[in-house]
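Peer 1: final-v1.tsv is reproduced below (TSV, C-alpha atoms).
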chain	number	residue	atom	x	y	z
X	1	MET	CA	-27.52	-3.69	55.54
X	2	GLY	CA	-31.25	-3.19	54.92
X	3	ASP	CA	-33.18	-3.79	51.74
X	4	SER	CA	-33.38	-0.07	50.96
X	5	GLN	CA	-29.60	0.30	51.27
X	6	GLU	CA	-29.00	-2.75	49.05
X	7	HIS	CA	-31.34	-1.23	46.50
X	8	GLU	CA	-29.43	2.06	46.69
X	9	VAL	CA	-26.15	0.27	46.01
X	10	GLN	CA	-27.70	-1.56	43.05
X	11	LEU	CA	-28.96	1.72	41.63
X	12	HIS	CA	-25.48	3.18	41.94
X	13	ILE	CA	-23.99	0.18	40.14
X	14	VAL	CA	-26.49	0.52	37.28
X	15	GLY	CA	-25.78	4.24	37.09
X	16	GLN	CA	-22.06	3.59	36.99
X	17	GLU	CA	-22.52	1.14	34.11
X	18	ASP	CA	-24.56	3.68	32.19
X	19	LYS	CA	-21.87	6.33	32.71
X	20	GLU	CA	-19.24	3.95	31.39
X	21	GLY	CA	-21.35	3.49	28.27
X	22	ASN	CA	-19.73	0.10	27.80
X	23	SER	CA	-21.80	-2.70	26.36
X	24	PHE	CA	-19.37	-5.20	27.88
X	25	THR	CA	-21.18	-4.59	31.18
X	26	ARG	CA	-24.02	-6.84	30.00
X	27	GLN	CA	-24.35	-10.17	31.63
X	28	ARG	CA	-22.34	-12.64	29.56
X	29	ASN	CA	-24.55	-15.68	29.78
X	30	LEU	CA	-24.38	-18.72	27.52
X	31	MET	CA	-26.84	-17.33	24.96
X	32	TRP	CA	-24.81	-14.12	24.68
X	33	TRP	CA	-21.69	-16.11	23.80
X	34	ILE	CA	-23.63	-18.24	21.30
X	35	ARG	CA	-24.94	-15.12	19.56
X	36	LEU	CA	-21.47	-13.61	19.53
X	37	VAL	CA	-19.99	-16.72	17.90
X	38	ILE	CA	-22.77	-16.84	15.30
X	39	TYR	CA	-22.36	-13.16	14.38
X	40	THR	CA	-18.59	-13.56	14.19
X	41	ILE	CA	-18.96	-16.53	11.82
X	42	PHE	CA	-21.37	-14.49	9.67
X	43	VAL	CA	-18.82	-11.67	9.38
X	44	LEU	CA	-15.87	-13.92	8.58
X	45	VAL	CA	-17.68	-16.25	6.17
X	46	GLY	CA	-19.74	-13.54	4.47
X	47	GLN	CA	-16.78	-11.24	3.87
X	48	THR	CA	-14.44	-14.01	2.71
X	49	VAL	CA	-16.87	-15.67	0.29
X	50	ALA	CA	-18.14	-12.35	-1.09
X	51	THR	CA	-14.57	-11.17	-1.75
X	52	LEU	CA	-13.66	-14.38	-3.56
X	53	LEU	CA	-16.88	-14.31	-5.61
X	54	GLY	CA	-16.20	-10.70	-6.55
X	55	ARG	CA	-12.79	-11.73	-7.86
X	56	LEU	CA	-14.39	-14.67	-9.71
X	57	TYR	CA	-16.81	-12.28	-11.44
X	58	TYR	CA	-13.94	-10.31	-12.97
X	59	ASP	CA	-11.69	-13.29	-13.68
X	60	LYS	CA	-14.33	-15.13	-15.70
X	61	GLY	CA	-15.43	-12.28	-17.97
X	62	GLY	CA	-17.27	-9.69	-15.87
X	63	ASN	CA	-16.16	-6.10	-16.46
X	64	SER	CA	-18.91	-3.82	-15.13
X	65	LYS	CA	-17.62	-1.71	-12.24
X	66	TRP	CA	-21.08	-0.29	-11.59
X	67	LEU	CA	-22.68	-3.73	-11.34
X	68	ALA	CA	-19.92	-4.96	-9.02
X	69	GLY	CA	-20.42	-1.91	-6.83
X	70	LEU	CA	-24.17	-2.49	-6.76
X	71	LEU	CA	-23.66	-6.00	-5.41
X	72	LEU	CA	-22.21	-4.57	-2.18
X	73	THR	CA	-25.45	-2.74	-1.33
X	74	ALA	CA	-28.36	-4.11	-3.39
X	75	GLY	CA	-28.98	-7.15	-1.19
X	76	PHE	CA	-30.36	-5.06	1.68
X	77	PRO	CA	-33.96	-6.42	1.28
X	78	VAL	CA	-32.62	-9.62	2.86
X	79	LEU	CA	-32.39	-7.69	6.14
X	80	ILE	CA	-36.00	-6.49	6.14
X	81	PRO	CA	-37.38	-9.61	7.95
X	82	LEU	CA	-35.12	-8.69	10.88
X	83	TYR	CA	-37.46	-5.77	11.57
X	84	PHE	CA	-39.95	-8.31	12.90
X	85	ILE	CA	-37.30	-9.50	15.35
X	86	SER	CA	-36.41	-5.94	16.32
X	87	SER	CA	-40.07	-5.25	17.14
X	88	LEU	CA	-39.93	-7.80	19.96
X	89	PRO	CA	-39.22	-6.63	23.53
X	90	GLN	CA	-35.50	-6.00	23.92
X	91	HIS	CA	-33.00	-4.14	26.04
X	92	PRO	CA	-31.40	-1.06	24.50
X	93	ILE	CA	-27.66	-0.63	24.56
X	94	SER	CA	-28.03	2.85	25.98
X	95	ASN	CA	-30.75	3.75	28.45
X	96	ASN	CA	-31.28	7.48	28.21
X	97	LEU	CA	-34.98	7.87	28.88
X	98	ASN	CA	-34.87	11.67	29.10
X	99	HIS	CA	-33.27	12.17	25.71
X	100	LYS	CA	-35.46	13.74	23.04
X	101	SER	CA	-35.42	11.87	19.75
X	102	PRO	CA	-33.96	13.83	16.79
X	103	SER	CA	-36.30	15.12	14.10
X	104	LEU	CA	-37.11	13.21	10.93
X	105	LEU	CA	-35.01	15.69	8.94
X	106	VAL	CA	-31.93	14.76	10.99
X	107	PHE	CA	-32.45	11.05	10.32
X	108	VAL	CA	-33.08	11.59	6.59
X	109	SER	CA	-29.98	13.79	6.28
X	110	ALA	CA	-27.87	11.18	8.03
X	111	TYR	CA	-29.18	8.33	5.86
X	112	ILE	CA	-28.62	10.28	2.63
X	113	SER	CA	-25.12	11.43	3.62
X	114	VAL	CA	-23.97	7.98	4.69
X	115	GLY	CA	-25.69	6.45	1.64
X	116	ILE	CA	-23.78	8.68	-0.78
X	117	LEU	CA	-20.52	7.87	1.00
X	118	LEU	CA	-21.41	4.17	0.83
X	119	ALA	CA	-22.07	4.42	-2.93
X	120	ALA	CA	-18.69	6.07	-3.54
X	121	ASP	CA	-17.04	3.52	-1.25
X	122	SER	CA	-18.64	0.59	-3.09
X	123	MET	CA	-17.52	1.91	-6.47
X	124	MET	CA	-13.93	2.32	-5.31
X	125	TYR	CA	-13.96	-1.18	-3.88
X	126	SER	CA	-15.22	-2.53	-7.23
X	127	VAL	CA	-12.34	-0.84	-9.06
X	128	GLY	CA	-9.97	-2.50	-6.61
X	129	TYR	CA	-11.63	-5.83	-7.37
X	130	MET	CA	-11.07	-5.31	-11.08
X	131	TYR	CA	-7.39	-4.33	-11.10
X	132	LEU	CA	-5.82	-6.00	-8.04
X	133	PRO	CA	-5.13	-9.63	-7.11
X	134	VAL	CA	-7.29	-10.87	-4.26
X	135	SER	CA	-4.37	-11.11	-1.85
X	136	THR	CA	-3.18	-7.55	-2.50
X	137	TYR	CA	-6.74	-6.23	-2.33
X	138	SER	CA	-7.42	-7.93	1.01
X	139	LEU	CA	-4.19	-6.75	2.59
X	140	LEU	CA	-4.92	-3.17	1.56
X	141	CYS	CA	-8.35	-3.45	3.17
X	142	ALA	CA	-6.58	-4.13	6.48
X	143	SER	CA	-5.81	-0.40	6.61
X	144	GLN	CA	-9.49	0.27	7.43
X	145	LEU	CA	-8.72	-0.22	11.13
X	146	ALA	CA	-6.11	2.55	11.03
X	147	PHE	CA	-8.51	4.90	9.26
X	148	ASN	CA	-11.29	4.01	11.68
X	149	ALA	CA	-9.03	4.89	14.61
X	150	PHE	CA	-7.97	8.14	12.93
X	151	PHE	CA	-11.52	9.35	12.33
X	152	SER	CA	-12.69	8.13	15.73
X	153	PHE	CA	-10.01	10.31	17.34
X	154	PHE	CA	-11.77	13.41	15.99
X	155	LEU	CA	-15.38	12.24	16.01
X	156	ASN	CA	-15.57	9.88	19.00
X	157	SER	CA	-12.69	11.07	21.22
X	158	LEU	CA	-10.65	7.91	20.80
X	159	LYS	CA	-7.57	7.96	23.01
X	160	PHE	CA	-4.29	7.18	21.27
X	161	THR	CA	-2.09	4.88	23.32
X	162	PHE	CA	1.22	3.25	22.46
X	163	LEU	CA	-0.56	0.10	21.25
X	164	ILE	CA	-2.98	2.08	19.08
X	165	ILE	CA	-0.14	4.08	17.52
X	166	ASN	CA	1.79	0.85	17.02
X	167	SER	CA	-1.21	-0.67	15.26
X	168	LEU	CA	-1.64	2.37	12.98
X	169	THR	CA	2.05	2.35	12.09
X	170	LEU	CA	2.19	-1.37	11.30
X	171	LEU	CA	-0.97	-1.30	9.18
X	172	THR	CA	0.26	1.76	7.27
X	173	ILE	CA	3.66	0.14	6.56
X	174	SER	CA	1.81	-3.05	5.54
X	175	SER	CA	-0.09	-1.11	2.87
X	176	ILE	CA	2.97	0.86	1.70
X	177	LEU	CA	4.91	-2.37	1.12
X	178	LEU	CA	2.34	-3.39	-1.48
X	179	ILE	CA	3.23	-0.37	-3.63
X	180	PHE	CA	6.48	-2.15	-4.50
X	181	GLN	CA	4.66	-5.35	-5.44
X	182	THR	CA	5.72	-6.43	-8.92
X	183	ASN	CA	2.97	-6.81	-11.45
X	184	ASP	CA	4.00	-9.85	-13.45
X	185	SER	CA	1.77	-12.30	-15.25
X	186	THR	CA	1.24	-14.42	-12.15
X	187	GLU	CA	-0.31	-11.40	-10.43
X	188	SER	CA	-2.67	-10.43	-13.18
X	189	SER	CA	-6.23	-11.53	-13.51
X	190	ASP	CA	-7.63	-13.63	-16.30
X	191	ASN	CA	-9.87	-10.78	-17.31
X	192	ASP	CA	-7.75	-8.98	-19.86
X	193	GLY	CA	-4.53	-10.93	-19.79
X	194	GLN	CA	-2.29	-8.58	-17.84
X	195	VAL	CA	-3.07	-5.54	-15.74
X	196	SER	CA	-0.90	-2.54	-16.60
X	197	LYS	CA	1.09	-0.62	-14.02
X	198	ARG	CA	-1.29	2.31	-14.41
X	199	GLN	CA	-4.33	0.10	-13.77
X	200	TYR	CA	-2.56	-1.49	-10.80
X	201	ALA	CA	-1.89	1.98	-9.35
X	202	ILE	CA	-5.53	2.99	-9.89
X	203	GLY	CA	-6.74	-0.17	-8.16
X	204	PHE	CA	-4.30	0.41	-5.30
X	205	ILE	CA	-5.39	4.02	-4.74
X	206	CYS	CA	-9.12	3.21	-5.03
X	207	THR	CA	-8.90	0.32	-2.57
X	208	LEU	CA	-6.96	2.41	-0.07
X	209	ALA	CA	-9.45	5.26	-0.46
X	210	ALA	CA	-12.33	2.81	-0.04
X	211	SER	CA	-10.80	1.53	3.19
X	212	ALA	CA	-10.57	5.12	4.41
X	213	GLY	CA	-14.19	5.65	3.43
X	214	TYR	CA	-15.28	2.54	5.29
X	215	GLY	CA	-13.48	3.74	8.41
X	216	LEU	CA	-15.17	7.13	8.08
X	217	ILE	CA	-18.61	5.53	7.64
X	218	LEU	CA	-18.14	3.45	10.80
X	219	SER	CA	-16.95	6.46	12.79
X	220	LEU	CA	-19.83	8.62	11.55
X	221	THR	CA	-22.31	5.88	12.38
X	222	GLN	CA	-20.94	5.54	15.90
X	223	TRP	CA	-20.99	9.33	16.33
X	224	PHE	CA	-24.58	9.54	15.11
X	225	LEU	CA	-25.77	6.74	17.39
X	226	HIS	CA	-23.89	7.90	20.50
X	227	LYS	CA	-24.03	11.69	20.19
X	228	VAL	CA	-27.26	12.31	18.29
X	229	VAL	CA	-29.64	9.35	18.67
X	230	LYS	CA	-28.21	8.28	22.06
X	231	LYS	CA	-30.25	5.10	21.85
X	232	GLU	CA	-28.87	1.94	20.24
X	233	THR	CA	-31.68	-0.54	19.87
X	234	PHE	CA	-31.46	-3.24	17.23
X	235	LYS	CA	-34.01	-1.36	15.10
X	236	VAL	CA	-31.89	1.80	15.12
X	237	VAL	CA	-28.85	-0.18	13.96
X	238	LEU	CA	-30.95	-1.81	11.22
X	239	ASP	CA	-32.11	1.62	10.07
X	240	MET	CA	-28.50	2.78	9.83
X	241	ILE	CA	-27.73	-0.17	7.55
X	242	ILE	CA	-30.82	-0.49	5.35
X	243	TYR	CA	-31.67	3.14	4.55
X	244	PRO	CA	-28.11	4.16	3.57
X	245	ALA	CA	-27.89	0.95	1.49
X	246	LEU	CA	-31.12	1.96	-0.27
X	247	VAL	CA	-29.72	5.41	-1.04
X	248	ALA	CA	-26.40	3.92	-2.20
X	249	SER	CA	-28.16	1.41	-4.45
X	250	CYS	CA	-30.21	4.17	-6.09
X	251	VAL	CA	-27.08	6.25	-6.72
X	252	ILE	CA	-25.23	3.28	-8.24
X	253	VAL	CA	-28.21	2.31	-10.42
X	254	VAL	CA	-28.30	5.86	-11.79
X	255	GLY	CA	-24.58	5.56	-12.53
X	256	LEU	CA	-25.08	2.16	-14.17
X	257	PHE	CA	-27.64	3.51	-16.60
X	258	GLY	CA	-25.98	6.91	-17.01
X	259	SER	CA	-22.64	5.33	-17.95
X	260	GLY	CA	-24.29	3.03	-20.50
X	261	GLU	CA	-22.75	-0.08	-18.95
X	262	TRP	CA	-26.20	-1.66	-18.66
X	263	LYS	CA	-26.27	-2.08	-22.45
X	264	GLY	CA	-23.41	-4.56	-22.31
X	265	LEU	CA	-24.73	-6.69	-19.44
X	266	SER	CA	-26.52	-9.20	-21.70
X	267	GLN	CA	-23.39	-9.62	-23.81
X	268	GLU	CA	-21.34	-9.95	-20.63
X	269	MET	CA	-23.60	-12.75	-19.43
X	270	GLU	CA	-23.31	-14.51	-22.81
X	271	GLY	CA	-19.53	-14.34	-22.70
X	272	PHE	CA	-19.10	-15.38	-19.07
X	273	LYS	CA	-16.66	-18.31	-19.10
X	274	LEU	CA	-18.64	-20.42	-16.63
X	275	GLY	CA	-21.99	-19.99	-18.39
X	276	LYS	CA	-25.17	-17.96	-17.91
X	277	VAL	CA	-26.39	-19.83	-14.83
X	278	SER	CA	-23.03	-19.46	-13.11
X	279	TYR	CA	-23.04	-15.76	-14.01
X	280	LEU	CA	-26.38	-15.20	-12.30
X	281	MET	CA	-25.44	-17.38	-9.34
X	282	THR	CA	-22.19	-15.46	-8.90
X	283	LEU	CA	-24.05	-12.14	-8.80
X	284	ILE	CA	-26.82	-13.39	-6.51
X	285	TRP	CA	-24.56	-15.11	-4.01
X	286	THR	CA	-22.13	-12.19	-3.94
X	287	ALA	CA	-25.00	-9.88	-2.95
X	288	VAL	CA	-26.33	-12.40	-0.42
X	289	CYS	CA	-22.91	-12.97	1.15
X	290	TRP	CA	-22.40	-9.24	1.62
X	291	GLN	CA	-25.71	-9.17	3.49
X	292	VAL	CA	-24.64	-12.16	5.60
X	293	PHE	CA	-21.63	-10.03	6.45
X	294	SER	CA	-23.92	-7.09	7.25
X	295	ILE	CA	-26.10	-9.23	9.53
X	296	GLY	CA	-23.03	-10.36	11.43
X	297	ALA	CA	-21.69	-6.81	11.61
X	298	ILE	CA	-25.07	-5.52	12.83
X	299	GLY	CA	-25.22	-8.23	15.47
X	300	LEU	CA	-21.72	-7.44	16.75
X	301	ILE	CA	-22.54	-3.73	16.88
X	302	PHE	CA	-25.66	-4.51	18.89
X	303	GLU	CA	-24.06	-7.04	21.24
X	304	VAL	CA	-20.65	-5.36	21.69
X	305	SER	CA	-19.64	-2.26	19.69
X	306	SER	CA	-18.97	-0.96	16.19
X	307	VAL	CA	-15.22	-1.02	16.86
X	308	PHE	CA	-15.37	-4.69	17.80
X	309	SER	CA	-17.33	-5.36	14.61
X	310	ASN	CA	-14.58	-3.71	12.57
X	311	VAL	CA	-11.91	-5.66	14.45
X	312	ILE	CA	-13.58	-8.97	13.53
X	313	SER	CA	-13.90	-7.79	9.93
X	314	THR	CA	-10.19	-7.03	9.82
X	315	LEU	CA	-9.44	-10.40	11.40
X	316	GLY	CA	-10.93	-12.11	8.34
X	317	LEU	CA	-8.79	-10.23	5.82
X	318	PRO	CA	-5.63	-12.37	6.15
X	319	VAL	CA	-7.76	-15.45	5.39
X	320	VAL	CA	-8.52	-14.26	1.86
X	321	PRO	CA	-4.93	-14.17	0.50
X	322	VAL	CA	-4.42	-17.76	1.66
X	323	LEU	CA	-7.55	-18.91	-0.15
X	324	ALA	CA	-6.63	-16.79	-3.20
X	325	VAL	CA	-3.41	-18.77	-3.59
X	326	VAL	CA	-5.51	-21.95	-3.75
X	327	PHE	CA	-8.41	-20.80	-5.94
X	328	PHE	CA	-6.92	-18.03	-8.12
X	329	LYS	CA	-3.24	-19.04	-8.24
X	330	ASP	CA	-2.12	-15.70	-6.77
X	331	LYS	CA	1.59	-15.60	-6.05
X	332	MET	CA	2.44	-15.07	-2.37
X	333	SER	CA	5.64	-13.06	-2.81
X	334	GLY	CA	8.07	-12.05	-0.07
X	335	LEU	CA	6.74	-8.50	0.08
X	336	LYS	CA	3.20	-9.76	0.37
X	337	VAL	CA	4.14	-12.18	3.16
X	338	GLY	CA	5.83	-9.31	5.00
X	339	ALA	CA	2.76	-7.12	4.54
X	340	LEU	CA	0.55	-9.95	5.81
X	341	ILE	CA	2.66	-10.41	8.95
X	342	LEU	CA	2.65	-6.67	9.69
X	343	ALA	CA	-1.12	-6.50	9.15
X	344	VAL	CA	-1.73	-9.36	11.60
X	345	TRP	CA	0.69	-7.81	14.09
X	346	GLY	CA	-1.14	-4.48	13.83
X	347	PHE	CA	-4.47	-6.22	14.33
X	348	VAL	CA	-3.26	-8.05	17.45
X	349	SER	CA	-1.91	-4.79	18.87
X	350	TYR	CA	-5.28	-3.11	18.30
X	351	VAL	CA	-7.24	-5.94	19.92
X	352	TYR	CA	-4.90	-6.11	22.92
X	353	GLN	CA	-5.42	-2.40	23.59
X	354	HIS	CA	-9.19	-2.95	23.73
X	355	TYR	CA	-8.64	-5.90	26.06
X	356	LEU	CA	-6.63	-3.67	28.41
X	357	ASP	CA	-9.31	-0.96	28.22
X	358	ASP	CA	-12.00	-3.48	29.09
X	359	CYS	CA	-10.03	-4.78	32.10
X	360	LYS	CA	-9.39	-1.23	33.35
X	361	SER	CA	-13.08	-0.35	32.92
X	362	LYS	CA	-14.12	-3.36	34.98
X	363	ILE	CA	-11.60	-2.54	37.73
X	364	ASP	CA	-12.67	1.12	37.87
X	365	SER	CA	-16.34	0.11	38.00
X	366	ARG	CA	-15.68	-2.43	40.77
X	367	ASN	CA	-13.70	0.09	42.82
X	368	ALA	CA	-16.41	2.72	42.40
X	369	ASN	CA	-19.08	0.25	43.48
X	370	ASP	CA	-17.05	-0.83	46.53
X	371	ALA	CA	-16.52	2.80	47.50
X	372	ALA	CA	-20.23	3.54	47.13
X	373	LYS	CA	-21.14	0.50	49.19
X	374	ALA	CA	-18.70	1.50	51.97
X	375	SER	CA	-20.03	5.05	51.94
X	376	ILE	CA	-23.62	3.88	52.33
X	377	VAL	CA	-22.70	1.50	55.15
X	378	GLU	CA	-20.79	4.26	56.93
X	379	ARG	CA	-23.70	6.67	56.53
X	380	ASN	CA	-26.07	4.04	57.91
X	381	ASN	CA	-23.84	3.44	60.96
X	382	VAL	CA	-23.69	7.18	61.67
X	383	SER	CA	-27.49	7.50	61.45
X	384	GLU	CA	-27.94	4.57	63.87
X	385	GLU	CA	-25.61	6.23	66.40
Do you think you could lay out the structure here as structure tokens?
Peer 2:
Amino acid sequence: MGDSQEHEVQLHIVGQEDKEGNSFTRQRNLMWWIRLVIYTIFVLVGQTVATLLGRLYYDKGGNSKWLAGLLLTAGFPVLIPLYFISSLPQHPISNNLNHKSPSLLVFVSAYISVGILLAADSMMYSVGYMYLPVSTYSLLCASQLAFNAFFSFFLNSLKFTFLIINSLTLLTISSILLIFQTNDSTESSDNDGQVSKRQYAIGFICTLAASAGYGLILSLTQWFLHKVVKKETFKVVLDMIIYPALVASCVIVVGLFGSGEWKGLSQEMEGFKLGKVSYLMTLIWTAVCWQVFSIGAIGLIFEVSSVFSNVISTLGLPVVPVLAVVFFKDKMSGLKVGALILAVWGFVSYVYQHYLDDCKSKIDSRNANDAAKASIVERNNVSEE
């Protein structure tokens, strides 16, 4: 086979990879695996520590829902230095050179819409922090994978297979089991003695709604990047994190001052059981840890996909209840253990489906490339005759 024919085969292979739209087709060299491990650690550590610190804030005297919600978004300036990295030469995830970039109005509308959703999501998460034990809160958050799959079915044409349906069912049952969780003194926080059944129900509903909102935000982001922008450079992913976080932070700050909760922040700091310095450190490190989580999530989106980023995030959720038993004396009841097992089972089912999809994609790509190579060789032999 001549050089021109080899080049033609290579072009076909590249074209086939672009049609697949699968970032797994990148060369998996040592540095790629190192980056993947680092980003995964950022997601797991950032999410776990931030969740525990959020619980600590309420347990030791904090009671501002607006401030707790602000901590989930206000640390976005930490990500700004990454713009200098994103300005370096890099390979885009999607190479569509003929695609016309959307107008500024489209980008602004997307940032504002996602930002408002993010603000509402953060506030519902903060209510969940306030009224639920860490273990219950974390297990409820496992439902975000099911919601992500549901919204992706409509927005991103996700195919429902037996394993996906199995995952959705298990995660849904896992969350429903927690409705029957008793609310005795061992399950209440130190904040106000004992959480009432009404407050527990509010925290349950808000956390479940927040998980649905998070799944919707991820699906909308993927839809915007794949169907509208059609170009996933690291800078584009950063924009989709920082600008919505800016909008969300502004909305929450308005709510903080509009509700009058800001007037009690100085008194809250004075009454914090661990002292003023610990109060400030808790707030600062909670915000920083959520941004560590965001950096890891951004990296996984860039290197693999947004779905994989969500899978890793869900993987870290079962870690929190275990640590909550140690640090916050949460009771690991039978129902909660059952919910934990079902959540892990649902997660494994979801990941295994993506493993099968990846294997099938590689086989289809290899078969297509072999067929193209054989066709070119046959055409060359005919021309020589």
Peer 1: Of the candidates X:Ser135, X:Ser259, X:Ser103, X:Ser64, which one gets nearest to Ser333 (chain X) if we count only C-alpha atoms?
Peer 2: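 When distances to Ser333 (chain X) are compared using only C-alpha atoms, the smallest one comes from X:Ser135.
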Peer 1: Please compute the CA of Ala68 (chain X)-CA of Gly54 (chain X) distance, one decimal, in Å.
Peer 2: 7.3 Å
Peer 1: Let me make sure I understand: among X:Val237, X:Met31, X:Leu36, X:Leu67, which one has the smallest atom-to-atom distance to Leu300 (chain X) if we use only C-alpha atoms?
Peer 2: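 Between X:Val237, X:Met31, X:Leu36, X:Leu67, the residue approaching Leu300 (chain X) most closely is X:Leu36.
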Peer 1: Go ahead and compute the interatomic distance for CA of Arg198 (chain X) and CA of Val319 (chain X), in Å to one decimal.
Peer 2: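 Separating CA of Arg198 (chain X) from CA of Val319 (chain X) is a distance of 27.4 Å.
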Peer 1: Could you work out how far CA of Gly128 (chain X) lies from CA of Leu177 (chain X), giving the answer in Å with one decimal?
Peer 2: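 Between CA of Leu177 (chain X) and CA of Gly128 (chain X) the gap works out to 16.8 Å.
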Peer 1: When you look at Phe107 (chain X) with a cut-off of 12 Å (counting all atoms listed in the file), what residues show up, excluding the ones that are within fewer than 5 positions of it in the same chain? I need them as a ChimeraX atom specification.
Peer 2: /X:101-102,112-115,221,224-225,228-229,236,239-240,243-244
Peer 1: Write out as an MDAnalysis selection string the residues lying within 10 Å of Leu168 (chain X), counting all atoms listed in the file and excluding same-chain residues fewer than 2 positions away.
Peer 2: chainID X and resid 143:150 160 162:166 170:174 343 346:347 349:350
Peer 1: Between X:Phe327, X:Gly61, X:Leu53, X:Ile41, which one has atoms that come closest to Gly271 (chain X), using all atoms listed in the file?
Peer 2: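 For Gly271 (chain X), the nearest of the given residues is X:Gly61.
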Peer 1: With only C-alpha atoms as the basis for distance, which of X:Cys141, X:Ile217, X:Leu208, X:Met130 is at the shortest distance from Ser313 (chain X)?
Peer 2: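 Looking at the shortest contact to Ser313 (chain X), the residue is X:Cys141.
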